[in-house]
Structure formats: structure tokens, C-alpha cells
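Dumped data.cif below, it's mmCIF, C-alpha atoms:
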```
data_work
#
loop_
_atom_site.label_atom_id
_atom_site.label_comp_id
_atom_site.auth_asym_id
_atom_site.auth_seq_id
_atom_site.Cartn_x
_atom_site.Cartn_y
_atom_site.Cartn_z
CA MET H 1 0.00 0.00 0.00
CA SER H 2 1.52 3.30 -1.05
CA ARG H 3 1.66 6.10 1.45
CA VAL H 4 1.34 9.80 0.73
CA ILE H 5 2.95 11.88 3.45
CA THR H 6 2.93 15.67 3.58
CA ILE H 7 5.68 17.48 5.46
CA THR H 8 4.47 20.83 6.73
CA SER H 9 5.13 23.27 9.55
CA GLY H 10 3.31 26.58 9.45
CA LYS H 11 6.45 28.53 10.12
CA GLY H 12 8.88 29.01 7.27
CA GLY H 13 12.51 28.04 7.43
CA VAL H 14 12.26 25.30 10.02
CA GLY H 15 13.40 22.49 7.74
CA LYS H 16 10.49 21.12 5.72
CA THR H 17 12.41 20.96 2.48
CA THR H 18 15.55 19.58 4.12
CA SER H 19 13.42 16.97 5.88
CA THR H 20 11.57 15.99 2.71
CA ALA H 21 14.79 15.59 0.73
CA ASN H 22 16.56 13.62 3.44
CA LEU H 23 13.63 11.38 4.32
CA GLY H 24 13.10 10.67 0.65
CA ALA H 25 16.72 9.71 0.23
CA ALA H 26 16.76 7.62 3.42
CA LEU H 27 13.69 5.68 2.30
CA ALA H 28 15.26 5.15 -1.12
CA LEU H 29 18.37 3.82 0.67
CA GLN H 30 16.09 1.21 2.23
CA GLY H 31 15.25 0.05 -1.28
CA LEU H 32 11.87 1.73 -1.53
CA LYS H 33 10.53 3.63 -4.54
CA VAL H 34 10.03 7.23 -3.49
CA ALA H 35 8.64 10.34 -5.17
CA VAL H 36 9.25 13.71 -3.57
CA VAL H 37 6.94 16.50 -4.67
CA ASP H 38 7.67 20.20 -4.31
CA ALA H 39 4.31 21.81 -3.58
CA ASP H 40 5.79 25.26 -2.96
CA ILE H 41 4.68 26.72 -6.26
CA GLY H 42 6.43 29.96 -7.02
CA LEU H 43 9.21 29.43 -4.48
CA ARG H 44 10.65 26.09 -5.42
CA ASN H 45 13.52 24.78 -3.34
CA LEU H 46 13.40 21.01 -3.21
CA ASP H 47 15.21 20.87 -6.55
CA VAL H 48 18.12 23.00 -5.38
CA VAL H 49 18.45 21.18 -2.04
CA MET H 50 18.78 17.91 -3.96
CA GLY H 51 21.12 19.35 -6.59
CA LEU H 52 18.70 18.70 -9.43
CA GLU H 53 18.02 22.27 -10.46
CA ASN H 54 19.71 21.86 -13.82
CA ARG H 55 17.57 18.91 -14.78
CA ILE H 56 14.15 20.50 -14.69
CA VAL H 57 12.29 20.37 -17.96
CA TYR H 58 8.67 20.14 -16.85
CA ASP H 59 7.09 20.81 -13.48
CA LEU H 60 4.01 20.04 -11.40
CA VAL H 61 1.92 22.77 -13.03
CA ASP H 62 2.80 21.47 -16.51
CA VAL H 63 1.48 18.07 -15.45
CA VAL H 64 -1.72 19.48 -13.95
CA GLU H 65 -2.37 21.65 -17.00
CA GLY H 66 -1.77 18.75 -19.35
CA ARG H 67 1.30 20.05 -21.16
CA CYS H 68 3.21 16.87 -20.39
CA ARG H 69 2.83 13.43 -18.91
CA LEU H 70 3.76 12.87 -15.27
CA ARG H 71 6.66 10.64 -16.29
CA GLN H 72 8.20 13.45 -18.32
CA ALA H 73 8.21 15.81 -15.36
CA LEU H 74 9.69 13.35 -12.85
CA ILE H 75 13.44 13.74 -12.41
CA LYS H 76 15.53 10.77 -11.32
CA ASP H 77 17.86 11.57 -8.44
CA LYS H 78 21.60 11.57 -9.12
CA HIS H 79 22.37 9.08 -6.36
CA PHE H 80 19.27 6.94 -6.01
CA PRO H 81 17.60 5.55 -9.13
CA ASP H 82 14.39 4.84 -7.22
CA LEU H 83 14.05 8.41 -5.95
CA CYS H 84 12.28 10.88 -8.22
CA LEU H 85 11.54 14.57 -7.85
CA LEU H 86 8.47 16.36 -9.17
CA PRO H 87 9.54 19.99 -9.08
CA ALA H 88 7.31 22.98 -8.47
CA ALA H 89 6.78 25.73 -11.02
CA GLN H 90 8.84 28.80 -10.36
CA THR H 91 6.94 31.35 -12.43
CA ARG H 92 3.45 30.63 -11.21
CA ASP H 93 1.81 30.91 -7.81
CA LYS H 94 -0.27 28.84 -5.44
CA ASP H 95 -3.49 29.42 -7.38
CA ALA H 96 -2.19 27.44 -10.33
CA VAL H 97 -3.44 24.16 -8.87
CA THR H 98 -6.48 23.10 -6.87
CA ALA H 99 -6.88 20.56 -4.10
CA ASP H 100 -8.58 18.22 -6.57
CA ASP H 101 -5.60 18.56 -8.92
CA MET H 102 -3.32 17.49 -6.08
CA ILE H 103 -5.52 14.52 -5.19
CA ALA H 104 -5.49 13.35 -8.81
CA LEU H 105 -1.73 13.83 -8.97
CA THR H 106 -1.02 11.90 -5.79
CA ASN H 107 -3.27 9.09 -6.98
CA GLN H 108 -1.20 8.85 -10.15
CA LEU H 109 1.99 8.78 -8.10
CA ARG H 110 0.64 6.10 -5.77
CA ALA H 111 0.53 3.70 -8.69
CA GLU H 112 4.28 3.87 -9.21
CA PHE H 113 5.85 4.65 -5.84
CA ASP H 114 5.89 3.14 -2.36
CA TYR H 115 6.15 6.57 -0.75
CA VAL H 116 5.10 10.00 -1.97
CA LEU H 117 6.54 12.79 0.16
CA ILE H 118 5.05 16.24 -0.39
CA ASP H 119 7.04 19.31 0.61
CA SER H 120 4.44 21.82 1.77
CA PRO H 121 4.92 25.57 1.56
CA ALA H 122 4.87 27.59 4.76
CA GLY H 123 1.62 29.20 5.83
CA ILE H 124 -1.96 28.14 6.20
CA GLU H 125 -3.42 29.27 2.89
CA ALA H 126 -4.13 27.52 -0.39
CA GLY H 127 -0.58 26.24 -0.82
CA PHE H 128 -0.75 24.38 2.49
CA ARG H 129 -4.28 23.13 1.82
CA ASN H 130 -3.24 21.82 -1.58
CA ALA H 131 -0.21 20.13 -0.09
CA ILE H 132 -2.27 18.12 2.38
CA ALA H 133 -5.22 17.45 0.06
CA GLY H 134 -3.92 14.08 -1.14
CA ALA H 135 -2.11 13.08 2.04
CA ASP H 136 -2.67 9.93 4.08
CA GLU H 137 -0.53 11.27 6.89
CA VAL H 138 1.18 14.47 7.90
CA LEU H 139 4.52 15.19 9.52
CA ILE H 140 4.97 18.54 11.21
CA VAL H 141 8.41 20.08 11.48
CA THR H 142 9.21 22.55 14.22
CA THR H 143 12.25 24.00 15.90
CA PRO H 144 12.36 24.43 19.69
CA GLU H 145 11.63 28.14 19.39
CA VAL H 146 8.61 30.18 20.41
CA ALA H 147 7.39 31.31 16.99
CA ALA H 148 7.85 27.91 15.34
CA VAL H 149 6.05 26.05 18.11
CA ARG H 150 3.20 28.52 18.06
CA ASP H 151 2.73 28.09 14.33
CA ALA H 152 3.03 24.31 14.63
CA ASP H 153 0.19 24.36 17.12
CA ARG H 154 -2.03 26.14 14.64
CA ILE H 155 -1.11 23.67 11.91
CA ILE H 156 -1.91 20.70 14.17
CA GLY H 157 -5.41 22.09 14.61
CA LEU H 158 -5.83 22.55 10.85
CA VAL H 159 -4.50 19.09 10.00
CA GLU H 160 -6.96 17.53 12.40
CA ALA H 161 -9.77 19.76 11.11
CA PHE H 162 -9.02 18.54 7.58
CA GLU H 163 -9.27 14.99 8.94
CA LYS H 164 -5.78 13.94 8.01
CA GLY H 165 -5.36 11.95 11.20
CA HIS H 166 -2.96 12.68 14.01
CA PRO H 167 0.13 14.40 12.68
CA ARG H 168 3.56 13.39 14.00
CA LEU H 169 6.30 15.76 15.01
CA ILE H 170 9.87 16.29 13.92
CA ILE H 171 11.82 18.57 16.24
CA ASN H 172 14.55 20.05 14.07
CA ARG H 173 17.67 22.07 14.87
CA LEU H 174 17.86 21.02 18.47
CA LYS H 175 20.97 22.21 20.29
CA PRO H 176 21.45 19.88 23.28
CA ARG H 177 24.07 22.12 24.91
CA MET H 178 21.68 25.07 24.91
CA VAL H 179 18.95 22.83 26.27
CA SER H 180 21.09 21.71 29.19
CA ARG H 181 21.92 25.35 29.95
CA GLY H 182 18.22 26.13 30.05
CA GLU H 183 18.55 28.41 27.03
CA MET H 184 16.52 26.36 24.59
CA MET H 185 13.27 24.51 25.11
CA SER H 186 13.73 20.80 25.58
CA ILE H 187 12.05 17.97 23.74
CA GLU H 188 9.82 17.48 26.76
CA ASP H 189 8.87 21.19 26.78
CA VAL H 190 7.85 21.07 23.13
CA LEU H 191 5.90 17.85 23.55
CA GLN H 192 4.14 19.20 26.62
CA ILE H 193 2.94 22.13 24.55
CA LEU H 194 2.07 20.38 21.31
CA ALA H 195 1.10 16.96 22.69
CA ILE H 196 1.42 14.96 19.52
CA ASP H 197 3.53 11.88 18.84
CA LEU H 198 7.19 12.51 18.22
CA ILE H 199 8.72 10.77 15.24
CA GLY H 200 12.20 12.16 15.62
CA VAL H 201 14.66 14.78 16.75
CA VAL H 202 17.26 16.27 14.40
CA PRO H 203 20.21 18.20 15.83
CA ASP H 204 21.34 21.55 14.53
CA ASP H 205 24.16 20.59 12.21
CA GLU H 206 26.47 22.79 10.19
CA GLN H 207 26.82 19.99 7.71
CA ILE H 208 23.30 20.74 6.50
CA VAL H 209 24.60 24.05 5.19
CA THR H 210 27.58 22.51 3.45
CA SER H 211 25.67 19.60 1.96
CA THR H 212 23.00 21.96 0.65
CA ASN H 213 25.76 24.11 -0.81
CA ARG H 214 26.82 21.04 -2.75
CA GLY H 215 23.29 19.99 -3.63
CA GLU H 216 23.62 16.75 -1.69
CA VAL H 217 21.46 15.36 1.06
CA ALA H 218 22.94 14.89 4.53
CA VAL H 219 21.96 11.22 4.74
CA LEU H 220 24.71 10.52 2.20
CA ASP H 221 27.29 11.71 4.71
CA ARG H 222 27.90 9.14 7.44
CA SER H 223 29.54 11.77 9.62
CA SER H 224 26.51 14.06 9.54
CA ARG H 225 24.54 13.86 12.75
CA ALA H 226 21.49 15.37 11.12
CA GLY H 227 21.77 12.81 8.34
CA ARG H 228 21.79 9.98 10.84
CA ALA H 229 18.80 11.45 12.62
CA PHE H 230 16.87 11.62 9.34
CA ALA H 231 17.82 8.03 8.59
CA GLU H 232 16.36 6.98 11.94
CA ILE H 233 13.15 8.90 11.24
CA ALA H 234 12.84 7.11 7.91
CA ARG H 235 13.13 3.78 9.69
CA ARG H 236 10.38 4.77 12.11
CA LEU H 237 8.26 5.96 9.21
CA ALA H 238 8.63 2.52 7.67
CA GLY H 239 7.36 0.98 10.89
CA GLU H 240 10.55 0.08 12.72
CA ASP H 241 10.59 0.64 16.48
CA VAL H 242 13.70 2.76 16.94
CA PRO H 243 14.29 4.53 20.26
CA ILE H 244 14.71 8.28 19.94
CA THR H 245 18.36 9.23 19.87
CA VAL H 246 19.47 12.75 20.72
CA PHE H 247 22.67 13.40 18.83
CA ASP H 248 24.86 15.65 20.95
CA ASP H 249 26.42 18.80 19.55
CA ASN H 250 29.80 17.22 20.14
CA PRO H 251 30.54 14.75 17.35
CA GLY H 252 30.91 11.25 18.65
CA LEU H 253 28.86 11.73 21.79
CA LEU H 254 25.43 10.21 21.82
CA ASN H 255 22.71 10.59 24.35
CA ARG H 256 20.06 7.99 24.24
CA ILE H 257 16.89 9.08 25.91
CA PHE H 258 14.75 6.31 27.22
CA GLY H 259 11.27 6.18 25.96
CA ALA H 260 9.01 3.96 24.01
CA PHE H 261 8.42 4.56 20.34
CA GLY H 262 6.21 7.58 20.06
CA ILE H 263 6.90 9.72 23.09
CA ARG H 264 3.78 11.64 23.90
CA ALA H 265 3.04 14.28 26.49
CA ARG H 266 -0.33 13.95 28.13
CA GLY H 267 -0.73 17.54 29.28
CA SER H 268 0.64 16.69 32.67
CA GLU H 269 0.53 19.23 35.45
CA ARG H 270 3.85 20.35 36.76
CA MET A 1 25.05 34.36 35.60
CA SER A 2 26.30 37.63 37.10
CA PHE A 3 27.42 38.18 40.67
CA LEU A 4 24.15 40.00 41.34
CA ASP A 5 22.16 37.08 39.98
CA ALA A 6 23.96 34.77 42.34
CA LEU A 7 23.41 37.17 45.24
CA PHE A 8 19.72 37.76 44.72
CA GLY A 9 18.81 34.35 43.42
CA LYS A 10 19.02 32.84 39.97
CA ARG A 11 16.92 34.28 37.18
CA GLU A 12 14.40 32.01 35.62
CA ARG A 13 15.76 29.97 32.73
CA SER A 14 14.79 31.44 29.37
CA SER A 15 13.60 28.03 28.19
CA ASP A 16 11.10 27.88 31.07
CA ILE A 17 9.96 31.41 30.27
CA ALA A 18 9.47 30.41 26.63
CA ARG A 19 7.49 27.33 27.55
CA ASP A 20 5.25 29.21 29.97
CA ARG A 21 4.65 32.02 27.49
CA LEU A 22 3.68 29.49 24.84
CA LEU A 23 1.30 27.68 27.16
CA THR A 24 -0.36 31.03 27.89
CA VAL A 25 -0.51 32.42 24.36
CA LEU A 26 -1.83 29.15 22.99
CA VAL A 27 -4.86 29.35 25.26
CA HIS A 28 -5.77 32.48 23.38
CA ASP A 29 -4.82 31.09 19.97
CA ARG A 30 -6.87 27.94 20.39
CA VAL A 31 -9.85 29.04 22.39
CA LYS A 32 -9.97 32.62 21.13
CA LEU A 33 -10.24 34.05 24.60
CA THR A 34 -8.92 37.59 24.65
CA PRO A 35 -6.89 38.61 27.71
CA ASP A 36 -9.85 40.70 28.89
CA MET A 37 -12.19 37.75 28.53
CA MET A 38 -9.72 35.60 30.40
CA GLU A 39 -9.60 38.02 33.33
CA GLN A 40 -13.38 38.16 33.33
CA LEU A 41 -13.54 34.36 33.34
CA LYS A 42 -11.16 34.14 36.27
CA ALA A 43 -13.06 36.79 38.23
CA GLU A 44 -16.41 35.10 37.68
CA LEU A 45 -14.91 31.70 38.46
CA SER A 46 -13.51 32.90 41.77
CA ALA A 47 -16.85 34.53 42.65
CA VAL A 48 -18.67 31.24 42.08
CA ILE A 49 -16.12 29.22 44.03
CA ALA A 50 -16.15 31.77 46.85
CA ARG A 51 -19.86 31.12 47.39
CA TYR A 52 -18.95 27.56 48.40
CA VAL A 53 -15.37 27.83 49.56
CA PRO A 54 -14.65 31.22 51.17
CA SER A 55 -10.93 30.63 51.35
CA VAL A 56 -10.39 30.86 47.60
CA ASP A 57 -7.40 33.01 46.66
CA ALA A 58 -9.00 34.92 43.78
CA GLY A 59 -5.90 36.63 42.48
CA ALA A 60 -3.91 33.43 42.19
CA ILE A 61 -6.22 31.44 39.92
CA GLU A 62 -4.35 29.94 36.97
CA VAL A 63 -6.21 28.94 33.83
CA THR A 64 -4.37 26.83 31.27
CA LEU A 65 -5.21 24.91 28.15
CA MET A 66 -4.02 21.34 27.78
CA ARG A 67 -4.25 19.37 24.58
CA GLY A 68 -5.69 15.90 25.15
CA GLU A 69 -6.24 12.92 22.86
CA ALA A 70 -9.41 14.08 21.17
CA VAL A 71 -10.33 17.20 23.07
CA ASP A 72 -8.56 20.12 24.68
CA HIS A 73 -8.96 20.73 28.38
CA LEU A 74 -9.38 24.13 29.95
CA LYS A 75 -7.90 23.64 33.41
CA ALA A 76 -8.26 26.00 36.32
CA ASP A 77 -5.93 25.75 39.27
CA ILE A 78 -7.74 27.36 42.21
CA PRO A 79 -5.52 27.88 45.26
CA LEU A 80 -7.22 27.89 48.63
CA ARG A 81 -5.74 29.82 51.52
CA ARG A 82 -5.13 27.65 54.52
CA THR A 83 -6.86 29.05 57.56
CA SER A 84 -6.26 27.85 61.06
CA GLN A 85 -9.22 25.86 62.20
CA LYS A 86 -10.40 25.32 65.66
CA LEU A 87 -11.10 21.64 66.05
#
```
Can you dump the structure from the file as C-alpha cells?
Amino acid sequence: MSRVITITSGKGGVGKTTSTANLGAALALQGLKVAVVDADIGLRNLDVVMGLENRIVYDLVDVVEGRCRLRQALIKDKHFPDLCLLPAAQTRDKDAVTADDMIALTNQLRAEFDYVLIDSPAGIEAGFRNAIAGADEVLIVTTPEVAAVRDADRIIGLVEAFEKGHPRLIINRLKPRMVSRGEMMSIEDVLQILAIDLIGVVPDDEQIVTSTNRGEVAVLDRSSRAGRAFAEIARRLAGEDVPITVFDDNPGLLNRIFGAFGIRARGSER
Amino acid sequence: MSFLDALFGKRERSSDIARDRLLTVLVHDRVKLTPDMMEQLKAELSAVIARYVPSVDAGAIEVTLMRGEAVDHLKADIPLRRTSQKL
């Protein structure tokens, strides 16, 4: 059974595109057939994060408007033959497609791929609604910062209102040293506030910048802590019960926090 | 931490401040209670409680929103002053 998963956040810049690219690659590394879809029409970025910007001929809007077949618009990844990108249009905007268009598109993709990952734009308007229209499940990306968590909360409400099930959370750009100094909210703080299941924690990692500079995903780099975190999330996504690992800022140090798969806060009083 | 912080007691951690601010602002985001409405709610709540339990500490009522499985919970923490009782 194919799964269509939308990665969204509300807040911009928290790591949706990075997460989509890396999870797509990690799933492809497991031998699965994966399509990643850039639903950020007008501000495409998934292509450049994956280093495929020079290979775009057709895009999502071309497919929806019938100027090409889906297969012509899909771009095979450089590293993984079973990973394909459907890029967004850069010269259009979010009104170019409807929710029904997206549902039809994801149904076409289901036929060929085990996983369809949709990179949602930021915000709560049509772009977001289109991105979740065809989704079976939703992942929400946040950072442990006030504005991101606040926006994530709003998105959780919308995802549930659109009856896309219970979204799961990725906490991105965690800095364990700052957390232990009491200068950054902890995983537990964020879960207490948002109270949804956690699917993974990704540390702040300079290697994300350098790998994006090169147009390569972090999961390709064994020394990248963020890459390893994304690989673990992909395993959980595929159903494996992997305990949450918090990769320390200091390379080589690992903190394993004890908790069953799917740590959830139950609104406990303090 | 400065010398003065150490002398007069540690300042609250910024992460705790962030968490508490979020818990507060999200009550308003989710339930659409303006700060004025919230104060009104607390005042009326304490008036009702006071009819039954005179020792309610009206100014110290805390109202928070907790997200549950299927529903959110509006929770009120209502401190009661301890009075010495003659047995």
C-alpha cells in the first residue's frame, strides 16, 4: 500500500524541504521507490536542495495543465535511481493548482511509488491546503523556538480539522548544549505544549549548510549527525521501532533518551 | 550568571519562560479568549467558588489549556488559603 505523506510546519525556514529531501533519500536507501513533490509553487527549493536544479524540464503545473505526462516531469535523483523529484513551477503561484488537482496527482503517483513525500509551503493558505489534500498522513516540522512552536500548534489544529489523522512531530535544529543550559526549550517542553507523537529529533548541524551548498542530502554523509537522525526517522516511518536518539552537539557523543516509540506528552501538570 | 544574579537568586531559565509564554498564548490562539475575557472568566470563576469555599485566593487562579487525545482541556488551578481551624 503506497503512502502519501505531507511534510508541513506553518512557520517558514524550520526544515520542511531539508526533511523531505533527506527522508526521501533515506527511504530510497532502504530500497523503496520514493517520489518527492515540491508543492511550494512559485518558491521552489526542493530541486536545489537535492542538486537537481539543472535537470528541470517540466514541473508540477505542466502536469496538472496537461502540457506533459507525469513521467516526463519526474526527475531521477543523481544518487538513487528509485528516488524521483516532481519539481514545483517557479513562475506561477499557489493558485495554479487546486486541491482536486493534487488529489489526482497523488493518486497517479501512488501507482508507481511506495512513498510520496510532499514538501508543503509555509503558511496556512491555499498552498498548504493543496499540499495536504492528497495526504494519508502528515509530519509537522518545528524547531524548539517560540514562533515555530506557536505556528506548529495552529497547523496541528488545521490538519486535524481537515481529517488527516494525528500528525507526527519532527523537532529540528535542536541544540542539546543550549537545552542543558536552560537556554533552549527541551524535547519534553515542546511535547508538553504540542502533545502529539514525536517521530524524531534532528540536531542543529552545520553539515546541513555545506551539503546543501553542494546539492547533496545529509543522509549521504555518514559523519553528519542530522543525516543519521533523518535516517532513523525514515526507519520509524517505515514501521521500525527505533528509540529516539538525541545526537549531541559534540561529534561522537550520543545521548540515548529512554522512551518507548512515540513519546507523547499527556498535558501533565507540573 | 552575574554576581548579582547569584546574590539575589538565579533568574528564571529562558527556556522555562518560553514554555510558559507558549502555554499562555496558545490558550488564546486555540480558544480565542482575549486577555480581557480571560480576566473576566477568572473573576467570575472565583466569585462562584467563593460562594462555596470562602478561602479561595482569587488573584492566584491559573487557567491553562491542555491538549488531550481528542479534546482540549481548559484547566483551572484554584488555590485555597489555609486558615487555622479550631477543632
> Which distance in Å separates CA of Arg55 in chain H and CA of Thr20 in chain H, to one decimal?
Replying inline: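 Value for the CA of Arg55 in chain H-CA of Thr20 in chain H distance: 18.7 Å.
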> Taking only C-alpha atoms into account, which of A:Ser46, A:Gln40, A:Ser55, A:Thr24 comes nearest Leu74 in chain A?
Replying inline: A:Thr24
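With the cut-off set to 7 Å and all atoms listed in the file counted, chain A residues close to chain H are A:Arg13, A:Ser14, A:Ser15, A:Ala18, A:Arg19, A:Leu22, A:Leu23, A:Met66, A:Arg67, A:Gly68.
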Residue selection dump (C-alpha atoms) as a PDB file, in the coordinates of the input:
```
ATOM      1  CA  ARG A  13      15.760  29.970  32.730  1.00  0.00           C
ATOM      2  CA  SER A  14      14.790  31.440  29.370  1.00  0.00           C
ATOM      3  CA  SER A  15      13.600  28.030  28.190  1.00  0.00           C
ATOM      4  CA  ALA A  18       9.470  30.410  26.630  1.00  0.00           C
ATOM      5  CA  ARG A  19       7.490  27.330  27.550  1.00  0.00           C
ATOM      6  CA  LEU A  22       3.680  29.490  24.840  1.00  0.00           C
ATOM      7  CA  LEU A  23       1.300  27.680  27.160  1.00  0.00           C
ATOM      8  CA  MET A  66      -4.020  21.340  27.780  1.00  0.00           C
ATOM      9  CA  ARG A  67      -4.250  19.370  24.580  1.00  0.00           C
ATOM     10  CA  GLY A  68      -5.690  15.900  25.150  1.00  0.00           C
TER      11      GLY A  68
END
```
> Where does the PyMOL selection byres ((chain H and resi 234) around 12) land in this file, that is, which residues does it pick, as a PyMOL selection string?
Replying inline: chain H and resi 5+19-32+34+115+117+139+170+199-201+219+227-233+235-242
> Which residue, H:Cys68, H:Val14, H:Leu198, H:Val37, has the smallest gap to Ile132 in chain H when you use only C-alpha atoms?
Replying inline: H:Val37
>> What would the selection look like, as a count of residues only, if the PyMOL selection byres ((chain A and resi 56) around 8) were run on the coordinates I just shared?
In response: 12
> Taking the file as shown, what set of residues would the PyMOL selection byres ((chain A and resi 64) around 6) give back, as a list in words?
Replying inline: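 Checked against the file, the PyMOL selection byres ((chain A and resi 64) around 6) matches Val63, Leu65, Leu74 and Lys75 of chain A.
We find CA of Ile244 in chain H and CA of Arg177 in chain H to be spaced 17.4 Å apart.
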List the neighbours of Pro176 in chain H out to 8 Å using all atoms listed in the file; skip same-chain residues closer than 3 positions along the sequence, and give me the result as a compact mmCIF listing (two decimals) with C-alpha atoms, in the coordinates of the input.
```txt
# COMPACT_ATOMS: atom_id res chain seq x y z
CA VAL H 179 18.95 22.83 26.27
CA SER H 180 21.09 21.71 29.19
CA PRO H 203 20.21 18.20 15.83
CA VAL H 246 19.47 12.75 20.72
CA PHE H 247 22.67 13.40 18.83
CA ASP H 248 24.86 15.65 20.95
CA ASP H 249 26.42 18.80 19.55
```
> Do you have the CA of Leu52 in chain H-CA of Asp101 in chain H distance handy?
Replying inline: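 It comes out at 24.3 Å.
Here the question is which of H:Val49, H:Ile171, H:Ile103, H:Ile155 gets nearest to Thr210 in chain H using all atoms listed in the file, and that residue is H:Val49.
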>> Give me the residues near range 96-99 of chain H as a ChimeraX atom specification, where near means some atom within 10 Å (using all atoms listed in the file) and where sequence neighbours in that chain fewer than 5 positions away do not count.
In response: /H:39,41-42,60-62,64-65,89,104-105,126-134
